[in-house]
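Source file: work.cif. Holds: mmCIF, C-alpha atoms.
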```
data_start
#
loop_
_atom_site.label_atom_id
_atom_site.label_comp_id
_atom_site.auth_asym_id
_atom_site.auth_seq_id
_atom_site.Cartn_x
_atom_site.Cartn_y
_atom_site.Cartn_z
CA MET A 12 126.16 101.20 -11.97
CA LYS A 13 124.58 100.42 -8.71
CA ALA A 14 125.81 97.55 -6.62
CA PRO A 15 123.18 95.02 -5.71
CA ASN A 16 121.71 95.24 -2.10
CA LEU A 17 123.22 92.69 0.15
CA HIS A 18 121.02 91.50 3.02
CA MET A 19 123.16 89.84 5.65
CA ASN A 20 121.64 89.00 9.09
CA LEU A 21 124.34 89.21 11.74
CA LEU A 22 122.01 88.83 14.78
CA ARG A 23 122.32 85.71 16.83
CA GLU A 24 119.27 83.56 17.14
CA ALA A 25 118.69 84.59 20.80
CA GLU A 26 119.08 88.28 19.99
CA LYS A 27 116.31 88.18 17.45
CA VAL A 28 113.59 88.23 20.19
CA SER A 29 115.08 90.67 22.76
CA SER A 30 115.70 94.38 22.45
CA SER A 31 118.06 94.41 25.47
CA PRO A 32 119.09 90.91 26.24
CA VAL A 33 122.03 91.77 28.53
CA ARG A 34 120.03 93.78 31.05
CA VAL A 35 117.26 91.32 31.60
CA ARG A 36 119.54 88.34 31.63
CA VAL A 37 121.99 89.74 34.14
CA MET A 38 120.24 92.44 36.14
CA LEU A 39 117.15 90.47 37.13
CA PRO A 40 119.02 87.61 38.84
CA ILE A 41 121.38 90.10 40.50
CA LEU A 42 118.46 92.04 41.88
CA ALA A 43 116.76 88.86 43.06
CA LEU A 44 119.97 87.68 44.65
CA LEU A 45 120.38 91.02 46.39
CA LEU A 46 116.80 90.83 47.64
CA CYS A 47 117.39 87.36 48.97
CA ALA A 48 120.69 88.29 50.57
CA GLY A 49 119.10 91.42 52.04
CA CYS A 50 116.38 89.34 53.65
CA ALA A 51 118.96 86.92 55.03
CA ILE A 52 121.08 89.75 56.45
CA TRP A 53 117.99 91.44 57.88
CA TRP A 54 116.99 88.22 59.55
CA ALA A 55 120.55 87.71 60.87
CA ILE A 56 120.59 91.21 62.38
CA LEU A 57 117.17 90.68 63.92
CA PHE A 58 118.15 87.29 65.25
CA MET A 59 121.27 88.74 66.88
CA ARG A 60 119.21 91.50 68.42
CA LEU A 61 116.71 88.93 69.70
CA MET A 62 119.50 86.87 71.21
CA LEU A 63 120.84 89.97 72.91
CA LEU A 64 117.44 90.91 74.29
CA ASN A 65 116.80 87.36 75.45
CA GLY A 66 120.13 87.40 77.24
CA GLN A 67 119.25 90.67 78.95
CA ALA A 68 115.83 89.36 79.92
CA SER A 69 117.17 86.14 81.35
CA GLN A 70 119.84 88.06 83.29
CA LEU A 71 117.15 90.33 84.67
CA ARG A 72 114.98 87.36 85.55
CA THR A 73 117.84 85.74 87.46
CA GLU A 74 118.48 89.01 89.27
CA LEU A 75 114.81 89.38 90.21
CA GLU A 76 114.62 85.76 91.29
CA GLY A 77 117.51 86.40 93.66
CA ARG A 78 115.73 89.34 95.25
CA LYS A 79 112.31 87.70 95.27
CA SER A 80 112.43 86.39 98.83
CA ALA A 81 113.71 89.70 100.25
CA HIS A 82 111.03 91.53 98.29
CA ALA A 83 108.31 89.15 99.44
CA ALA A 84 109.40 89.74 103.03
CA ILE A 85 109.28 93.51 102.67
CA LEU A 86 105.89 93.28 100.92
CA ALA A 87 104.58 91.19 103.80
CA GLU A 88 105.90 93.78 106.23
CA MET A 89 104.27 96.56 104.23
CA GLY A 90 100.98 94.66 104.31
CA ARG A 91 101.34 94.11 108.03
CA ALA A 92 102.13 97.78 108.60
CA ARG A 93 99.09 98.81 106.55
CA ASP A 94 96.87 96.38 108.39
CA MET A 95 98.20 97.42 111.76
CA GLN A 96 97.72 101.09 110.86
CA ALA A 97 94.10 100.33 109.93
CA GLU A 98 93.67 98.55 113.28
CA LEU A 99 95.19 101.52 115.04
CA ASP A 100 92.83 103.85 113.13
CA GLN A 101 89.83 101.89 114.38
CA LEU A 102 91.12 101.80 117.94
CA SER A 103 91.97 105.52 117.78
CA ALA A 104 88.42 106.16 116.58
CA TYR A 105 87.19 104.32 119.67
CA SER A 106 89.48 106.42 121.84
CA LYS A 107 88.29 109.67 120.22
CA GLY A 108 84.70 108.63 120.91
CA ARG A 109 85.40 108.21 124.61
CA ARG A 110 83.94 110.89 126.85
CA THR A 111 84.43 111.26 130.56
CA TRP A 112 81.52 112.00 132.87
CA GLY A 113 82.97 111.82 136.37
CA GLY A 114 83.77 115.52 136.30
CA LEU A 115 80.18 116.41 135.43
CA LEU A 116 78.83 114.35 138.33
CA ALA A 117 81.30 115.97 140.72
CA GLU A 118 80.49 119.50 139.50
CA LEU A 119 76.76 118.78 139.57
CA ALA A 120 76.92 118.03 143.29
CA ASP A 121 78.44 121.48 143.84
CA VAL A 122 75.72 123.42 142.02
CA MET A 123 72.71 121.40 143.18
CA PRO A 124 70.41 123.69 145.25
CA MET A 125 69.45 122.28 148.65
CA SER A 126 65.76 122.56 147.93
CA VAL A 127 65.92 120.43 144.78
CA GLN A 128 65.59 116.70 145.12
CA LEU A 129 66.74 114.73 142.11
CA THR A 130 64.70 111.60 141.44
CA SER A 131 66.80 110.36 138.57
CA LEU A 132 69.85 111.27 136.61
CA SER A 133 70.74 109.53 133.40
CA ILE A 134 72.66 109.35 130.19
CA PRO A 135 70.28 107.23 128.13
CA GLU A 136 71.60 104.25 126.25
CA PRO A 137 72.25 104.88 122.54
CA PRO A 138 69.79 103.23 120.15
CA ALA A 139 70.63 99.68 119.13
CA GLN A 140 72.81 99.43 116.06
CA SER A 141 71.28 98.10 112.89
CA LEU A 142 73.98 96.18 111.10
CA ALA A 143 71.66 94.26 108.79
CA ASN A 144 72.77 94.37 105.19
CA PRO A 145 70.37 96.75 103.40
CA ALA A 146 71.02 95.10 100.05
CA ASN A 147 69.90 91.71 101.24
CA PRO A 148 69.03 90.83 104.83
CA ARG A 149 70.11 87.25 104.16
CA LEU A 150 73.67 88.39 103.51
CA PRO A 151 76.09 88.51 106.47
CA PRO A 152 75.60 91.61 108.63
CA LEU A 153 77.71 94.66 107.91
CA LEU A 154 80.97 94.86 109.79
CA GLY A 155 80.61 98.45 110.92
CA PRO A 156 78.13 101.31 111.10
CA THR A 157 78.19 103.86 108.32
CA ASN A 158 77.81 106.87 110.60
CA THR A 159 80.70 107.83 112.83
CA THR A 160 78.77 109.77 115.45
CA GLU A 161 76.56 108.79 118.34
CA ALA A 162 74.18 111.26 119.96
CA VAL A 163 74.42 111.64 123.75
CA ALA A 164 71.98 113.29 126.12
CA PHE A 165 71.97 114.04 129.82
CA ARG A 166 68.59 113.90 131.49
CA LEU A 167 67.64 114.83 135.02
CA THR A 168 64.31 114.63 136.77
CA GLY A 169 63.50 115.89 140.24
CA ARG A 170 61.17 117.57 142.61
CA THR A 171 61.14 120.94 144.25
CA ALA A 172 58.80 123.10 146.24
CA GLN A 173 59.41 126.24 144.17
CA ALA A 174 60.39 127.01 140.58
CA ALA A 175 63.25 129.34 141.51
CA PRO A 176 65.78 126.66 142.58
CA VAL A 177 65.22 124.77 139.30
CA THR A 178 65.80 127.96 137.35
CA ALA A 179 68.97 128.51 139.38
CA LEU A 180 70.06 124.92 138.73
CA LEU A 181 69.50 125.32 134.97
CA ALA A 182 71.38 128.63 135.00
CA SER A 183 74.30 126.92 136.76
CA LEU A 184 74.28 124.05 134.24
CA GLU A 185 74.46 126.60 131.45
CA GLY A 186 77.67 127.94 133.02
CA LYS A 187 81.14 127.58 131.58
CA GLN A 188 82.22 124.80 133.93
CA PHE A 189 79.72 122.47 132.20
CA GLY A 190 80.73 123.55 128.71
CA ASP A 191 82.69 120.34 128.10
CA TRP A 192 79.67 118.15 128.76
CA LEU A 193 76.50 120.05 127.96
CA VAL A 194 75.44 121.83 124.79
CA ILE A 195 73.51 125.06 125.28
CA ASP A 196 71.45 125.89 122.20
CA LYS A 197 68.12 127.48 123.04
CA ALA A 198 67.29 128.80 119.57
CA GLY A 199 68.17 125.71 117.50
CA ALA A 200 65.80 123.22 115.91
CA LYS A 201 66.63 120.80 118.72
CA PRO A 202 66.86 123.12 121.71
CA SER A 203 69.10 122.25 124.61
CA PRO A 204 68.19 122.28 127.46
CA ARG A 205 64.77 120.94 126.65
CA VAL A 206 62.20 120.92 129.43
CA HIS A 207 60.12 117.79 128.91
CA SER A 208 57.79 118.64 131.78
CA PHE A 209 57.49 120.99 134.66
CA ARG A 210 54.27 120.27 136.49
CA GLN A 211 52.65 120.22 139.88
CA GLU A 212 52.60 116.86 141.61
CA ALA A 213 49.78 115.44 143.64
CA THR A 214 52.13 114.74 146.56
CA GLN A 215 52.89 117.42 149.11
CA SER A 216 56.05 118.32 150.92
CA ALA A 217 56.46 117.99 154.71
CA ASP A 218 55.36 121.58 155.18
CA GLY A 219 52.19 120.96 153.16
CA LYS A 220 53.28 122.64 149.94
CA ARG A 221 52.47 121.14 146.53
CA LEU A 222 55.66 119.79 144.90
CA LEU A 223 56.76 120.63 141.38
CA ALA A 224 58.23 117.86 139.25
CA PHE A 225 60.63 118.67 136.45
CA ASP A 226 62.19 116.69 133.65
CA VAL A 227 64.99 118.40 131.74
CA GLU A 228 67.22 117.02 129.02
CA PHE A 229 70.49 118.46 127.80
CA ARG A 230 72.10 117.59 124.54
CA CYS A 231 75.77 116.64 124.95
CA PRO A 232 78.58 116.82 122.42
CA GLU A 233 78.15 113.71 120.30
CA ARG A 234 80.62 110.87 120.45
CA ARG A 235 82.70 111.05 117.31
CA PHE A 236 84.34 107.82 116.31
CA GLU A 237 86.90 109.35 114.00
CA LYS A 238 90.66 109.04 113.93
CA MET B 28 105.01 81.46 30.59
CA SER B 29 103.38 82.71 27.42
CA LEU B 30 104.98 86.09 28.02
CA LEU B 31 108.40 84.51 27.93
CA ASP B 32 107.70 82.50 24.83
CA ASN B 33 109.12 85.20 22.62
CA THR B 34 112.17 85.82 24.82
CA ALA B 35 115.59 84.34 24.53
CA PRO B 36 116.18 81.09 26.44
CA THR B 37 118.91 82.72 28.55
CA THR B 38 116.45 85.44 29.57
CA GLN B 39 113.88 82.81 30.32
CA ARG B 40 116.41 81.04 32.54
CA ALA B 41 117.33 84.34 34.22
CA VAL B 42 113.67 85.17 34.92
CA LEU B 43 113.04 81.71 36.30
CA PHE B 44 116.13 81.90 38.50
CA SER B 45 115.07 85.36 39.70
CA ALA B 46 111.59 84.12 40.45
CA VAL B 47 112.99 81.30 42.56
CA LEU B 48 115.23 83.73 44.43
CA ALA B 49 112.32 86.13 44.96
CA ALA B 50 110.26 83.25 46.33
CA VAL B 51 113.11 82.38 48.69
CA ALA B 52 113.24 86.03 49.78
CA VAL B 53 109.50 86.06 50.43
CA ILE B 54 109.77 82.83 52.39
CA LEU B 55 112.66 84.27 54.36
CA TYR B 56 110.63 87.36 55.14
CA LEU B 57 107.48 85.50 56.09
CA PHE B 58 109.03 82.66 58.06
CA ALA B 59 112.20 84.18 59.48
CA VAL B 60 112.17 87.98 59.50
CA GLN B 61 108.59 88.55 60.56
CA PRO B 62 108.51 85.96 63.39
CA CYS B 63 111.84 87.32 64.55
CA GLN B 64 110.40 90.83 64.61
CA ASP B 65 107.39 89.59 66.58
CA SER B 66 109.70 87.83 69.05
CA ILE B 67 111.75 91.00 69.46
CA ALA B 68 108.58 93.01 70.17
CA ARG B 69 107.47 90.40 72.72
CA THR B 70 110.88 90.22 74.37
CA ARG B 71 111.07 94.02 74.49
CA SER B 72 107.73 94.19 76.22
CA ASP B 73 108.80 91.40 78.64
CA LEU B 74 112.02 93.25 79.28
CA SER B 75 110.17 96.47 79.95
CA ALA B 76 107.85 94.67 82.40
CA LEU B 77 110.87 93.08 84.09
CA GLU B 78 112.57 96.45 84.33
CA ASP B 79 109.42 97.95 85.87
CA GLN B 80 109.35 95.05 88.32
CA LYS B 81 113.00 95.65 89.12
CA ARG B 82 112.36 99.35 89.68
CA VAL B 83 109.45 98.56 92.02
CA MET B 84 111.53 95.94 93.82
CA GLU B 85 114.45 98.33 94.25
CA ARG B 86 112.14 101.06 95.51
CA ASP B 87 110.46 98.67 97.97
CA LEU B 88 113.79 97.29 99.17
CA LYS B 89 115.10 100.83 99.56
CA ASP B 90 111.97 101.58 101.61
CA SER B 91 112.63 98.64 103.89
CA PRO B 92 114.13 100.62 106.82
CA ARG B 93 111.27 103.11 106.65
CA VAL B 94 108.67 100.30 106.62
CA LYS B 95 110.40 98.65 109.56
CA SER B 96 110.35 101.89 111.53
CA ILE B 97 106.66 102.51 110.65
CA LEU B 98 105.85 98.98 111.72
CA SER B 99 107.66 99.39 115.00
CA GLU B 100 106.03 102.78 115.68
CA THR B 101 102.57 101.47 114.84
CA GLU B 102 103.13 98.45 117.02
CA LYS B 103 104.22 100.73 119.85
CA ALA B 104 101.16 102.95 119.40
CA ARG B 105 98.87 99.92 119.30
CA ALA B 106 100.34 98.24 122.36
CA PRO B 107 98.35 100.21 124.99
CA TYR B 108 95.12 99.31 123.21
CA MET B 109 96.13 95.67 123.15
CA ASP B 110 96.71 95.79 126.89
CA ALA B 111 93.36 97.50 127.40
CA LEU B 112 91.34 95.03 125.32
CA LEU B 113 88.78 93.16 127.36
CA THR B 114 89.25 89.42 127.13
CA PRO B 115 86.84 86.91 128.57
CA LEU B 116 87.65 85.34 131.91
CA LEU B 117 86.33 81.79 132.20
CA GLU B 118 84.50 82.53 128.93
CA SER B 119 82.70 85.46 130.53
CA TRP B 120 83.23 89.08 129.62
CA ALA B 121 81.29 90.18 132.70
CA MET B 122 83.60 88.12 134.89
CA ARG B 123 86.65 89.91 133.47
CA ALA B 124 84.96 93.30 133.95
CA LYS B 125 84.16 92.31 137.52
CA SER B 126 87.78 91.43 138.17
CA LEU B 127 88.83 94.87 136.94
CA LEU B 128 86.09 97.01 138.47
CA ASP B 129 85.45 95.36 141.83
CA PRO B 130 88.70 96.64 143.40
CA LEU B 131 87.91 100.18 142.24
CA ALA B 132 84.35 99.95 143.56
CA SER B 133 85.47 98.62 146.93
CA ASP B 134 88.05 101.45 147.17
CA VAL B 135 85.23 103.99 147.20
CA GLY B 136 82.83 101.84 149.21
CA LEU B 137 80.41 101.17 146.36
CA LYS B 138 78.58 97.87 146.35
CA VAL B 139 78.26 96.31 142.90
CA LEU B 140 75.26 94.00 142.84
CA ASP B 141 75.49 92.62 139.35
CA TYR B 142 77.48 92.57 136.15
CA SER B 143 75.79 91.73 132.91
CA GLU B 144 76.95 91.56 129.31
CA MET B 145 75.23 93.63 126.64
CA PRO B 146 75.23 93.17 122.86
CA VAL B 147 78.49 94.11 121.26
CA ARG B 148 78.53 97.36 119.25
CA ALA B 149 80.53 97.74 116.07
CA LEU B 150 82.96 100.57 115.45
CA PRO B 151 83.04 102.47 112.14
CA LEU B 152 85.26 100.77 109.59
CA PRO B 153 88.47 102.48 108.57
CA LYS B 154 89.47 102.44 104.91
CA PRO B 155 90.92 100.01 104.02
CA PRO B 156 89.49 97.79 106.75
CA PRO B 157 92.01 95.75 108.72
CA ILE B 158 91.73 91.96 108.83
CA GLN B 159 91.13 92.06 112.58
CA LEU B 160 88.23 94.35 113.42
CA TYR B 161 87.55 95.80 116.84
CA ALA B 162 84.25 96.49 118.52
CA ARG B 163 82.83 97.83 121.78
CA ARG B 164 81.69 95.46 124.48
CA PRO B 165 79.29 97.12 126.94
CA ILE B 166 79.02 95.69 130.44
CA ARG B 167 76.21 96.83 132.69
CA LEU B 168 76.84 97.21 136.41
CA THR B 169 74.05 97.49 138.88
CA CYS B 170 75.32 99.03 142.07
CA ARG B 171 74.18 100.60 145.29
CA GLY B 172 75.79 103.49 147.11
CA SER B 173 75.65 107.20 147.77
CA TYR B 174 75.80 109.76 144.96
CA ALA B 175 79.33 110.69 146.09
CA GLU B 176 80.44 107.06 145.95
CA ILE B 177 78.97 106.58 142.49
CA ALA B 178 80.60 109.78 141.19
CA SER B 179 83.94 108.82 142.79
CA PHE B 180 83.73 105.36 141.29
CA ILE B 181 83.12 106.75 137.80
CA LEU B 182 85.95 109.27 138.24
CA ARG B 183 88.24 106.49 139.41
CA VAL B 184 87.39 104.17 136.53
CA GLU B 185 87.94 106.96 134.04
CA LYS B 186 91.32 107.72 135.57
CA MET B 187 92.60 104.18 136.12
CA LEU B 188 91.22 102.59 132.95
CA PRO B 189 91.79 105.18 130.23
CA TYR B 190 90.37 103.00 127.45
CA VAL B 191 87.12 102.23 129.25
CA ALA B 192 84.29 104.55 128.25
CA LEU B 193 81.11 105.24 130.12
CA GLN B 194 78.35 104.57 127.62
CA SER B 195 75.31 105.36 129.73
CA PHE B 196 74.18 105.51 133.30
CA SER B 197 71.12 106.04 135.36
CA ILE B 198 70.82 106.86 139.05
CA LYS B 199 67.42 106.41 140.62
CA THR B 200 66.90 108.05 143.99
CA GLN B 201 65.94 105.78 146.85
CA GLN B 202 64.61 106.64 150.29
CA ASP B 203 68.05 106.15 151.77
CA PRO B 204 70.46 108.72 150.23
CA GLU B 205 73.37 106.41 151.11
CA ALA B 206 71.93 103.60 149.00
CA GLN B 207 71.00 105.03 145.63
CA LEU B 208 70.47 102.49 142.90
CA ALA B 209 72.64 103.05 139.88
CA SER B 210 72.97 101.30 136.59
CA ILE B 211 76.21 102.08 134.82
CA VAL B 212 77.25 100.81 131.40
CA PHE B 213 80.95 100.83 130.68
CA GLU B 214 82.30 99.79 127.34
CA TRP B 215 85.64 98.21 126.47
CA PRO B 216 87.40 97.77 123.18
CA VAL B 217 87.35 94.11 122.18
CA LYS B 218 88.45 92.05 119.23
CA GLY B 219 85.60 91.75 116.76
CA ALA B 220 85.04 89.81 113.57
CA LEU B 221 87.56 89.26 110.80
CA SER B 222 86.86 91.42 107.77
CA ARG B 223 88.38 88.78 105.48
CA PRO B 224 90.16 85.48 105.98
CA ALA B 225 93.66 86.02 107.32
CA ALA B 226 96.52 85.11 104.99
CA PRO B 227 98.03 81.72 105.84
CA ALA B 228 101.27 81.91 107.80
CA LYS B 229 104.38 81.47 105.67
CA GLY B 230 105.73 77.97 105.74
CA GLY B 231 102.63 76.69 107.48
CA ALA B 232 100.54 73.67 106.62
CA ARG B 233 98.90 73.90 103.21
#
```
Could you rewrite the structure in this file as structure tokens?
Amino acid sequence: MKAPNLHMNLLREAEKVSSSPVRVRVMLPILALLLCAGCAIWWAILFMRLMLLNGQASQLRTELEGRKSAHAAILAEMGRARDMQAELDQLSAYSKGRRTWGGLLAELADVMPMSVQLTSLSIPEPPAQSLANPANPRLPPLLGPTNTTEAVAFRLTGRTAQAAPVTALLASLEGKQFGDWLVIDKAGAKPSPRVHSFRQEATQSADGKRLLAFDVEFRCPERRFEK
Amino acid sequence: MSLLDNTAPTTQRAVLFSAVLAAVAVILYLFAVQPCQDSIARTRSDLSALEDQKRVMERDLKDSPRVKSILSETEKARAPYMDALLTPLLESWAMRAKSLLDPLASDVGLKVLDYSEMPVRALPLPKPPPIQLYARRPIRLTCRGSYAEIASFILRVEKMLPYVALQSFSIKTQQDPEAQLASIVFEWPVKGALSRPAAPAKGGAR
């Protein structure tokens, strides 16, 4: 004889609708709590680190503030030294561009043939500087020239009764003792010496000879305004 | 909430509680952690800039004796130029040149007839340009004397005034060889324009 089937429901009302009620009920809040606590701890660590960094920064600021005046003084001195060096550079450039001519005049007297009469002797003035601002002429003029060199020439004109003494004079001027002052470059594009003219004059000498007039120009080492 | 309708009330409570905690965590992250991280990044960058500044300061302060010695050397090197600068006498450059050159001319017996000022000439600019620029001031002398006197005078000027440069000259022969007419242009270094306004003196009027 078979016993009748007994159907007894032992599940609690809440357990009827959840396959794993313990996990969800307990684990989810624990995880959320851990997440929350983790965030709080993370923030606390970061905050402590920030405080530490702020402390370091403020200490550094105080230290720098204390040295500020000494540093400002040394910076001013550095600026002054730089400025003074630049002034010295400009003055040195002036000095480097200085040439002496007394020696040339003294030597010239020694080599001048008796039969040559100089009518003029000159170092022509350099061309006027153009300091107008090329970008706009209305702007203030430029403070300095862009080129650092200035061409110099030595020109002599005179009279003589014969060509030979002039040739002798030119040969003397091409000598080594004039090497510091005169450039000898006969084959160059701008030859030196350059004979501007060598012609017979209308006037006559005391002994009735026709005079020859000459005009010769020598190029000289240029003035270099460089430090 | 419809998803939780079929769940147990305790689970519903747990989910709700978890959601609140998660929201708190998100709020903590957004309003505490992230701003704190940003502040740390900012402070780190400030700190690094301050450390760089400190390094530069220390280097500059360490350089102080060297700068002082450079300054003193430069000042020493500049001093002769400062002494040689032409300054106007009674507002006249020519007058000052006359006061310097007349004794030298009379020593060699040269007669200076006239002194005249010529337009100032600029000097090439160094890089970087200084605040105070210098220029060349040409002064033209018209004088009369023999060739030997003129040559001696130029030699003497070049020897006695080492910062005076002969810019140009011209000797025109006259009938009397003892009275040649010469025009000589000497140039002096002078103070020129200011390249930029000078920095105000420390502690001065504002």
### Task
Could you check how far atom CA of Leu127 of chain B sits from atom CA of Ala206 of chain B, in Å to one decimal?
22.5 Å
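Here, the PyMOL selection byres ((chain B and resi 105) around 10) matches Met95, Gln96, Glu98, Leu99, Asp100, Leu102 and Ser103 of chain A; Ser99, Glu100, Thr101, Glu102, Lys103, Ala104, Ala106, Pro107, Tyr108, Met109 and Asp110 of chain B.
Interatomic distance, atom CA of Thr111 of chain A against atom CA of Ser126 of chain A: 27.9 Å.
In terms of minimum interatomic distance to Ala97 of chain A, B:Leu98 ranks closest within B:Val135, B:Met145, B:Leu188, B:Leu98, counting all atoms listed in the file.
The spacing separating atom CA of Gln70 of chain A from atom CA of Pro92 of chain B amounts to 27.3 Å.
Nearest residue to Ile195 of chain A, choosing from A:Glu228, A:Trp53, A:Glu212, A:Leu154 and counting all atoms listed in the file: A:Glu228.
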Which residues are close to Cys231 of chain A, i.e. within 12 Å by all atoms listed in the file, leaving aside same-chain residues fewer than 2 positions away? Reply as an mmCIF file with C-alpha atoms, keeping the file's coordinate frame.
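The result, written out as part-v8.cif:
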```
data_model
loop_
_atom_site.group_PDB
_atom_site.id
_atom_site.type_symbol
_atom_site.label_atom_id
_atom_site.label_comp_id
_atom_site.auth_asym_id
_atom_site.auth_seq_id
_atom_site.Cartn_x
_atom_site.Cartn_y
_atom_site.Cartn_z
ATOM 1 C CA ARG A 110 83.940 110.890 126.850
ATOM 2 C CA THR A 111 84.430 111.260 130.560
ATOM 3 C CA TRP A 112 81.520 112.000 132.870
ATOM 4 C CA LEU A 115 80.180 116.410 135.430
ATOM 5 C CA ILE A 134 72.660 109.350 130.190
ATOM 6 C CA PRO A 135 70.280 107.230 128.130
ATOM 7 C CA GLU A 161 76.560 108.790 118.340
ATOM 8 C CA ALA A 162 74.180 111.260 119.960
ATOM 9 C CA VAL A 163 74.420 111.640 123.750
ATOM 10 C CA ALA A 164 71.980 113.290 126.120
ATOM 11 C CA PHE A 165 71.970 114.040 129.820
ATOM 12 C CA ARG A 166 68.590 113.900 131.490
ATOM 13 C CA LEU A 184 74.280 124.050 134.240
ATOM 14 C CA GLU A 185 74.460 126.600 131.450
ATOM 15 C CA PHE A 189 79.720 122.470 132.200
ATOM 16 C CA GLY A 190 80.730 123.550 128.710
ATOM 17 C CA ASP A 191 82.690 120.340 128.100
ATOM 18 C CA TRP A 192 79.670 118.150 128.760
ATOM 19 C CA LEU A 193 76.500 120.050 127.960
ATOM 20 C CA VAL A 194 75.440 121.830 124.790
ATOM 21 C CA ILE A 195 73.510 125.060 125.280
ATOM 22 C CA ASP A 196 71.450 125.890 122.200
ATOM 23 C CA LYS A 201 66.630 120.800 118.720
ATOM 24 C CA PRO A 202 66.860 123.120 121.710
ATOM 25 C CA SER A 203 69.100 122.250 124.610
ATOM 26 C CA PRO A 204 68.190 122.280 127.460
ATOM 27 C CA ARG A 205 64.770 120.940 126.650
ATOM 28 C CA GLU A 228 67.220 117.020 129.020
ATOM 29 C CA PHE A 229 70.490 118.460 127.800
ATOM 30 C CA GLU A 233 78.150 113.710 120.300
ATOM 31 C CA ARG A 234 80.620 110.870 120.450
ATOM 32 C CA ARG A 235 82.700 111.050 117.310
#
```
### Query
So which residues get picked by the PyMOL selection byres ((chain B and resi 64) around 12) here, written as number ranges by chain?
A: 53-62, 64; B: 56-63, 65-71
### Task
Can you work out which one of A:Thr178, A:Asn147, A:Thr159, A:Asn20 has the shortest atom-to-atom distance to chain B, counting all atoms listed in the file?
A:Thr159
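Excluding segment 218-224 of chain B and any residue on its chain fewer than 4 positions from it, the residues at most 6 Å away by all atoms listed in the file are Ile158, Gln159, Leu160, Tyr161 and Ala162 of chain B.
You can rank A:Thr157, A:Gln173, A:Ser80, A:Thr73 by their closest distance to chain B using all atoms listed in the file, and at the top of that list sits A:Thr157.
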#### Entry: the PyMOL selection byres ((chain B and resi 177) around 10) applied to the shown file, residues as a PyMOL selection string
(chain A and resi 113+116-117) or (chain B and resi 132+135-138+170-176+178-183+198+207-211)
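Closest approach to Tyr105 of chain A from the set A:Glu136, A:Glu118, A:Glu237, A:Glu74 is made by A:Glu237, with distances taken over all atoms listed in the file.
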What are the centre and edge lengths in Å, to one decimal, of the axis-aligned box around all listed atoms of segment 203-208 of chain B with 3 Å added on each side, as JSON?
```
{"center_x": 70.7, "center_y": 105.6, "center_z": 147.3, "size_x": 11.3, "size_y": 12.2, "size_z": 14.9}
```
## Note on the structure
Among B:Thr200, B:Leu150, B:Leu117, B:Ile166, Lys107 of chain A is approached most closely, using all atoms listed in the file, by B:Leu150
Segment 131-142 of chain A rebuilt with N, CA and C atoms, output as a CSV table (one decimal), in the frame of the given file:
```csv
chain,number,residue,atom,x,y,z
A,131,SER,N,66.0,111.2,139.4
A,131,SER,CA,66.8,110.4,138.6
A,131,SER,C,67.7,111.2,137.7
A,132,LEU,N,68.8,110.6,137.3
A,132,LEU,CA,69.8,111.3,136.6
A,132,LEU,C,70.3,110.2,135.6
A,133,SER,N,70.3,110.6,134.3
A,133,SER,CA,70.7,109.5,133.4
A,133,SER,C,71.4,110.0,132.1
A,134,ILE,N,72.2,109.2,131.6
A,134,ILE,CA,72.7,109.4,130.2
A,134,ILE,C,72.0,108.2,129.5
A,135,PRO,N,71.0,108.4,128.7
A,135,PRO,CA,70.3,107.2,128.1
A,135,PRO,C,71.2,106.4,127.2
A,136,GLU,N,70.8,105.1,127.1
A,136,GLU,CA,71.6,104.2,126.2
A,136,GLU,C,71.4,104.7,124.8
A,137,PRO,N,72.4,104.6,124.0
A,137,PRO,CA,72.2,104.9,122.5
A,137,PRO,C,71.3,103.8,121.9
A,138,PRO,N,70.6,104.2,120.8
A,138,PRO,CA,69.8,103.2,120.2
A,138,PRO,C,70.6,102.0,119.6
A,139,ALA,N,69.9,100.9,119.6
A,139,ALA,CA,70.6,99.7,119.1
A,139,ALA,C,71.1,99.9,117.7
A,140,GLN,N,72.3,99.3,117.4
A,140,GLN,CA,72.8,99.4,116.1
A,140,GLN,C,72.1,98.5,115.1
A,141,SER,N,71.9,99.0,113.9
A,141,SER,CA,71.3,98.1,112.9
A,141,SER,C,72.4,97.8,111.9
A,142,LEU,N,72.9,96.6,112.0
A,142,LEU,CA,74.0,96.2,111.1
A,142,LEU,C,73.5,95.2,110.0
```
